[in-house]
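Shown below: structure_7.csv, with CSV, C-alpha atoms.
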chain,number,residue,atom,x,y,z
A,1,MET,CA,0.0,0.0,0.0
A,2,PRO,CA,1.5,3.4,-0.9
A,3,LYS,CA,2.8,5.5,2.0
A,4,THR,CA,3.0,9.2,2.3
A,5,ILE,CA,6.6,10.4,3.0
A,6,THR,CA,7.7,13.9,3.9
A,7,ILE,CA,11.3,15.0,3.9
A,8,LEU,CA,12.3,18.3,5.7
A,9,LEU,CA,15.4,19.5,4.0
A,10,SER,CA,17.1,22.5,5.6
A,11,THR,CA,20.7,22.6,4.4
A,12,THR,CA,22.4,24.1,1.3
A,13,PRO,CA,22.9,21.7,-1.7
A,14,TYR,CA,26.7,21.4,-1.8
A,15,SER,CA,28.0,21.6,1.8
A,16,PHE,CA,26.2,18.6,3.1
A,17,GLU,CA,25.2,15.2,1.9
A,18,ASN,CA,21.6,15.8,2.9
A,19,THR,CA,20.6,16.9,-0.6
A,20,HIS,CA,21.9,13.6,-2.1
A,21,THR,CA,20.2,11.6,0.6
A,22,ALA,CA,16.9,13.4,0.1
A,23,ALA,CA,17.1,12.8,-3.7
A,24,LYS,CA,17.9,9.1,-3.4
A,25,ILE,CA,15.2,8.5,-0.8
A,26,ALA,CA,12.7,10.4,-3.0
A,27,GLU,CA,13.7,8.5,-6.1
A,28,ALA,CA,13.5,5.1,-4.5
A,29,ALA,CA,10.1,5.9,-2.8
A,30,LEU,CA,8.6,7.3,-6.0
A,31,SER,CA,9.7,4.3,-8.0
A,32,LYS,CA,7.8,2.1,-5.5
A,33,GLY,CA,4.7,4.2,-5.9
A,34,HIS,CA,4.9,6.1,-2.7
A,35,GLU,CA,3.8,9.8,-2.4
A,36,VAL,CA,6.8,12.0,-1.6
A,37,THR,CA,7.0,15.6,-0.5
A,38,ILE,CA,10.2,17.6,0.1
A,39,PHE,CA,9.6,20.7,2.3
A,40,ALA,CA,12.6,22.9,1.9
A,41,SER,CA,13.2,25.2,4.9
A,42,GLY,CA,15.9,27.6,5.9
A,43,ASP,CA,18.9,27.3,3.6
A,44,GLY,CA,17.3,24.2,2.1
A,45,VAL,CA,15.5,26.5,-0.3
A,46,HIS,CA,18.8,27.0,-2.2
A,47,ASN,CA,18.4,23.5,-3.5
A,48,PHE,CA,15.5,24.7,-5.7
A,49,THR,CA,16.9,27.7,-7.6
A,50,LYS,CA,17.4,27.7,-11.4
A,51,GLY,CA,20.7,28.2,-13.2
A,52,GLN,CA,23.0,26.2,-10.9
A,53,LYS,CA,26.2,25.2,-12.7
A,54,ALA,CA,27.5,22.6,-10.3
A,55,LYS,CA,29.8,20.0,-11.8
A,56,GLY,CA,31.6,17.0,-10.3
A,57,ILE,CA,28.7,16.7,-7.8
A,58,PRO,CA,25.1,16.0,-8.6
A,59,ASN,CA,23.5,19.3,-9.6
A,60,ALA,CA,20.7,19.8,-7.1
A,61,SER,CA,18.3,21.7,-9.3
A,62,ASP,CA,18.7,19.2,-12.2
A,63,VAL,CA,18.2,16.2,-9.9
A,64,PHE,CA,15.1,17.6,-8.3
A,65,SER,CA,13.7,18.8,-11.6
A,66,LYS,CA,13.8,15.3,-12.9
A,67,LEU,CA,12.2,14.0,-9.7
A,68,ILE,CA,9.4,16.6,-9.9
A,69,GLU,CA,8.7,15.3,-13.4
A,70,LYS,CA,8.3,11.8,-11.8
A,71,GLY,CA,5.8,13.1,-9.2
A,72,LEU,CA,7.9,14.6,-6.4
A,73,SER,CA,6.0,17.4,-4.7
A,74,VAL,CA,8.2,20.3,-3.5
A,75,GLU,CA,7.1,23.0,-1.0
A,76,LEU,CA,9.4,25.9,-0.3
A,77,CYS,CA,9.2,27.9,3.0
A,78,GLY,CA,7.9,31.3,1.8
A,79,THR,CA,9.4,33.2,4.7
A,80,CYS,CA,12.8,31.5,4.1
A,81,LEU,CA,12.6,32.6,0.4
A,82,VAL,CA,11.9,36.2,1.3
A,83,PHE,CA,14.6,36.2,4.0
A,84,ARG,CA,17.1,35.1,1.3
A,85,GLY,CA,15.9,37.4,-1.5
A,86,ILE,CA,15.0,34.4,-3.7
A,87,LYS,CA,12.3,35.7,-6.1
A,88,GLU,CA,9.7,33.5,-7.8
A,89,GLU,CA,11.3,33.6,-11.2
A,90,MET,CA,14.4,31.9,-9.6
A,91,HIS,CA,12.5,28.9,-8.3
A,92,THR,CA,13.0,25.5,-10.0
A,93,ASP,CA,9.8,24.8,-12.0
A,94,GLY,CA,7.3,22.9,-10.0
A,95,ALA,CA,8.7,24.0,-6.6
A,96,ASN,CA,6.3,26.4,-5.1
A,97,PRO,CA,6.3,28.8,-2.1
A,98,SER,CA,4.5,27.4,0.9
A,99,THR,CA,3.8,28.1,4.6
A,100,LEU,CA,4.5,26.6,8.0
A,101,LYS,CA,0.7,25.9,8.1
A,102,LYS,CA,1.2,23.6,5.1
A,103,LEU,CA,4.2,22.0,6.6
A,104,PHE,CA,2.2,20.9,9.7
A,105,GLU,CA,-0.7,19.8,7.5
A,106,ILE,CA,1.6,17.6,5.4
A,107,THR,CA,3.4,16.3,8.5
A,108,ARG,CA,0.1,15.3,10.1
A,109,LYS,CA,-0.9,13.3,7.1
A,110,SER,CA,2.5,11.6,6.6
A,111,ASP,CA,3.2,8.0,7.4
A,112,VAL,CA,6.9,8.8,7.5
A,113,PHE,CA,8.7,12.0,8.4
A,114,ILE,CA,12.4,12.4,7.7
A,115,ASN,CA,14.4,15.3,9.1
A,116,LEU,CA,17.6,16.2,7.1
A,117,GLY,CA,19.2,19.2,8.7
A,118,MET,CA,22.4,20.3,10.4
B,119,MET,CA,0.8,11.9,23.4
B,120,ALA,CA,2.2,14.7,21.4
B,121,ASP,CA,1.8,14.9,17.7
B,122,MET,CA,5.3,16.3,17.4
B,123,CYS,CA,8.5,16.5,19.4
B,124,ILE,CA,10.8,19.4,18.6
B,125,LEU,CA,14.3,18.6,19.8
B,126,VAL,CA,16.6,21.5,20.3
B,127,ARG,CA,20.2,20.2,20.4
B,128,THR,CA,22.3,23.3,19.4
B,129,ALA,CA,23.3,26.4,21.3
B,130,PRO,CA,21.9,29.7,20.1
B,131,TYR,CA,23.6,32.1,17.7
B,132,SER,CA,26.5,29.9,16.3
B,133,LYS,CA,24.0,28.2,14.0
B,134,ILE,CA,20.5,29.2,12.9
B,135,ASN,CA,19.0,26.0,14.4
B,136,ALA,CA,17.8,27.5,17.7
B,137,ALA,CA,16.1,30.4,16.0
B,138,GLU,CA,14.5,28.0,13.5
B,139,ALA,CA,13.4,25.8,16.4
B,140,VAL,CA,11.6,28.8,17.9
B,141,ARG,CA,10.0,29.6,14.6
B,142,HIS,CA,8.7,26.0,14.2
B,143,ILE,CA,7.5,25.8,17.8
B,144,ASN,CA,5.4,28.9,17.3
B,145,GLY,CA,4.2,27.6,14.0
B,146,ALA,CA,3.2,24.3,15.5
B,147,VAL,CA,1.3,26.0,18.3
B,148,ASN,CA,-0.5,28.3,15.9
B,149,ASN,CA,-1.6,25.3,13.8
B,150,ASN,CA,-2.9,23.4,16.8
B,151,VAL,CA,-0.2,20.7,16.7
B,152,LYS,CA,0.2,19.1,20.1
B,153,THR,CA,3.9,19.6,20.7
B,154,SER,CA,6.6,18.6,23.2
B,155,VAL,CA,9.8,20.7,23.1
B,156,VAL,CA,13.0,19.3,24.6
B,157,PHE,CA,16.2,21.3,25.1
B,158,VAL,CA,19.0,18.8,25.2
B,159,ASP,CA,22.8,18.7,24.7
B,160,ASP,CA,24.0,22.3,23.9
B,161,GLY,CA,20.4,23.3,23.3
B,162,VAL,CA,20.2,23.9,27.1
B,163,TYR,CA,22.1,27.1,26.5
B,164,CYS,CA,18.8,28.4,25.0
B,165,LEU,CA,17.4,28.4,28.5
B,166,LYS,CA,20.0,30.7,30.1
B,167,ASP,CA,18.3,33.8,31.3
B,168,ASN,CA,19.2,37.4,30.5
B,169,GLN,CA,21.0,36.8,27.2
B,170,ASP,CA,22.0,40.4,26.2
B,171,MET,CA,22.2,40.8,22.5
B,172,GLY,CA,23.2,44.5,22.7
B,173,ASN,CA,23.0,46.0,19.2
B,174,SER,CA,24.2,42.9,17.5
B,175,GLY,CA,21.0,42.5,15.5
B,176,PHE,CA,20.4,39.0,16.8
B,177,THR,CA,17.1,38.2,18.4
B,178,SER,CA,17.5,37.0,22.0
B,179,ILE,CA,16.7,33.3,22.1
B,180,SER,CA,16.1,33.3,25.9
B,181,ALA,CA,13.5,36.0,25.4
B,182,ALA,CA,11.8,34.0,22.7
B,183,VAL,CA,11.9,30.8,24.8
B,184,LYS,CA,10.5,32.8,27.8
B,185,GLN,CA,7.6,33.8,25.5
B,186,ILE,CA,7.1,30.1,24.5
B,187,ILE,CA,7.1,29.0,28.1
B,188,GLY,CA,4.4,31.7,28.8
B,189,THR,CA,2.3,30.3,25.9
B,190,ALA,CA,2.7,26.8,27.3
B,191,LYS,CA,1.4,28.0,30.7
B,192,MET,CA,-1.5,29.8,29.0
B,193,LEU,CA,-2.4,26.6,27.2
B,194,GLU,CA,-2.3,24.4,30.3
B,195,ASP,CA,-6.0,24.3,30.6
B,196,GLU,CA,-6.3,22.9,27.1
B,197,GLY,CA,-4.4,19.7,28.0
B,198,ASP,CA,-0.9,18.9,26.7
B,199,THR,CA,-1.0,21.3,23.8
B,200,LEU,CA,2.6,22.5,24.5
B,201,LYS,CA,4.9,21.0,27.0
B,202,ILE,CA,8.5,22.1,27.6
B,203,TYR,CA,11.3,19.9,28.9
B,204,THR,CA,15.0,20.0,29.4
B,205,HIS,CA,17.5,17.2,30.1
B,206,LYS,CA,19.1,17.0,33.6
B,207,GLY,CA,22.3,15.4,32.3
B,208,SER,CA,22.8,18.1,29.6
B,209,LEU,CA,22.4,20.9,32.2
B,210,LYS,CA,25.0,19.2,34.3
B,211,GLU,CA,27.4,18.7,31.4
B,212,CYS,CA,27.1,22.4,30.4
B,213,GLY,CA,27.5,23.6,34.0
B,214,ILE,CA,24.2,25.5,34.0
B,215,GLY,CA,22.7,25.8,37.5
B,216,ALA,CA,19.2,26.8,38.5
B,217,ASP,CA,20.4,30.3,39.4
B,218,ASN,CA,20.9,31.5,35.8
B,219,LEU,CA,18.1,29.4,34.2
B,220,LEU,CA,14.7,30.4,33.0
B,221,SER,CA,11.8,28.6,34.8
B,222,GLY,CA,8.5,27.0,33.9
B,223,PHE,CA,9.6,23.7,32.3
B,224,GLU,CA,10.1,20.2,33.4
B,225,VAL,CA,13.6,18.7,33.9
B,226,VAL,CA,13.7,15.0,32.9
B,227,ASP,CA,16.4,12.4,33.3
B,228,ASP,CA,17.5,10.0,30.6
B,229,LYS,CA,14.5,7.7,31.0
B,230,GLY,CA,12.1,10.7,30.9
B,231,LEU,CA,13.8,12.1,27.8
B,232,ALA,CA,13.4,8.7,26.0
B,233,LYS,CA,9.8,8.7,27.0
B,234,VAL,CA,9.0,12.2,25.7
B,235,VAL,CA,10.9,11.6,22.4
B,236,GLY,CA,9.6,8.1,21.9
B,237,SER,CA,6.0,8.9,22.5
B,238,ALA,CA,5.7,11.6,19.8
B,239,LYS,CA,4.4,10.7,16.3
B,240,THR,CA,6.9,13.0,14.5
B,241,LEU,CA,10.4,14.2,15.5
B,242,MET,CA,11.8,17.5,14.3
B,243,ILE,CA,15.5,18.1,15.2
B,244,PHE,CA,17.2,21.4,15.3
Mind turning this structure into structure tokens?
Amino acid sequence: MPKTITILLSTTPYSFENTHTAAKIAEAALSKGHEVTIFASGDGVHNFTKGQKAKGIPNASDVFSKLIEKGLSVELCGTCLVFRGIKEEMHTDGANPSTLKKLFEITRKSDVFINLGM
Amino acid sequence: MADMCILVRTAPYSKINAAEAVRHINGAVNNNVKTSVVFVDDGVYCLKDNQDMGNSGFTSISAAVKQIIGTAKMLEDEGDTLKIYTHKGSLKECGIGADNLLSGFEVVDDKGLAKVVGSAKTLMIF
């Protein structure tokens, strides 16, 4: 039976392994038919900006764009975006501004909650 | 049983974690999520009273935590909506005595800590 999985990602894409971990968990869970949401909070919102040129390491924006096409749902903490001056046109397609209210709604409905932070 | 346990493990100011914990605690309460908050390891430094930020631009975490403790007291009649705990062993390790500590929370030992963390449906760590 499909499960609902929520991943809270709150670190930048290239200083920690959390991004890679989040992507691999999401990829594996989606392939098995589970419903996956990544809620990016704090510096985690930097995983979902366009135009990243990372090489020699998985490019976060590219990796997540492919997963969004496969059904990954992505919510970005709206306050965190404003805090960091990340405007809407900079967001990865399919990753949308959200709220703490939404985070707690999703968390309540989740079968599994995974915390990937510092 | 709490819907969520928010574990605060880091000291304020060196990392954003403590401030983010405060933001999420307030968010949980405002969205009617039954929450247990535990200050453990270096997170107990958040409970030191009279943190003077001067004109540094940082928000005083002790003032924010004091406000959260006040909210918890206000919500006492509504059951276990918000409960605040800290860990006895962590206070001892950090050398924080009762004289320079905020008040209005429960101090738990290792067993108590395990019970609070283990009984929540969701664990959020800062």
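Separating atom CA of Thr6 of chain A from atom CA of Gly161 of chain B is a distance of 25.0 Å.
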Residues near segment 105-118 of chain A, cut-off 6 Å, all atoms listed in the file, skip fewer than 6 positions along chain, as an MDAnalysis selection string = chainID A and resid 3:11 18
Export of prior selection with C-alpha atoms as a JSON list (two decimals), keeping the file's coordinate frame:
[["chain", "number", "residue", "atom", "x", "y", "z"],
["A", 3, "LYS", "CA", 2.80, 5.50, 2.00],
["A", 4, "THR", "CA", 3.00, 9.20, 2.30],
["A", 5, "ILE", "CA", 6.60, 10.40, 3.00],
["A", 6, "THR", "CA", 7.70, 13.90, 3.90],
["A", 7, "ILE", "CA", 11.30, 15.00, 3.90],
["A", 8, "LEU", "CA", 12.30, 18.30, 5.70],
["A", 9, "LEU", "CA", 15.40, 19.50, 4.00],
["A", 10, "SER", "CA", 17.10, 22.50, 5.60],
["A", 11, "THR", "CA", 20.70, 22.60, 4.40],
["A", 18, "ASN", "CA", 21.60, 15.80, 2.90]]
So that each row is one residue of chain B with an atom at most 8 Å from chain A, can you give its shortest atom pair and the distance in Å to one decimal, using only C-alpha atoms, rows by chain and rising number, as a tab-separated table?
residue	atom	partner	partner_atom	distance
B:Asp121	CA	A:Arg108	CA	7.8
B:Asn135	CA	A:Met118	CA	7.7
B:Glu138	CA	A:Gly42	CA	7.7
B:His142	CA	A:Leu100	CA	7.5
B:Gly145	CA	A:Leu100	CA	6.1
B:Ala146	CA	A:Phe104	CA	6.8
B:Asn149	CA	A:Lys101	CA	6.2
B:Val151	CA	A:Phe104	CA	7.4
B:Thr240	CA	A:Phe113	CA	6.4
B:Leu241	CA	A:Phe113	CA	7.6
B:Met242	CA	A:Asn115	CA	6.2
B:Ile243	CA	A:Asn115	CA	6.8
B:Phe244	CA	A:Met118	CA	7.2
Taking only residues of segment 144-168 of chain B that have an atom at most 7 Å from an atom of segment 177-191 of chain B, what is each one's shortest atom pair and its distance in Å to one decimal, using all atoms listed in the file, in chain and number order, as a Markdown table?
| residue | atom | partner | partner_atom | distance |
| --- | --- | --- | --- | --- |
| B:Cys164 | CA | B:Ser180 | CA | 5.7 |
| B:Leu165 | CA | B:Ser180 | CA | 5.7 |
| B:Lys166 | CA | B:Ser180 | CA | 6.3 |
| B:Asp167 | CA | B:Ser180 | CA | 5.9 |
| B:Asn168 | CA | B:Ser180 | CA | 6.9 |
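Between atom CA of Glu194 of chain B and atom CA of Ala216 of chain B lies a distance of 23.1 Å.
Comparing B:Met171, B:Ile124, B:Lys210, B:Val156 by their smallest distance to Gly230 of chain B, the closest is B:Val156 (using all atoms listed in the file).
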Could you please determine the separation between atom CA of Ile68 of chain A and atom CA of Lys87 of chain A in Å, to one decimal place?
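These atoms are spaced 19.7 Å apart.
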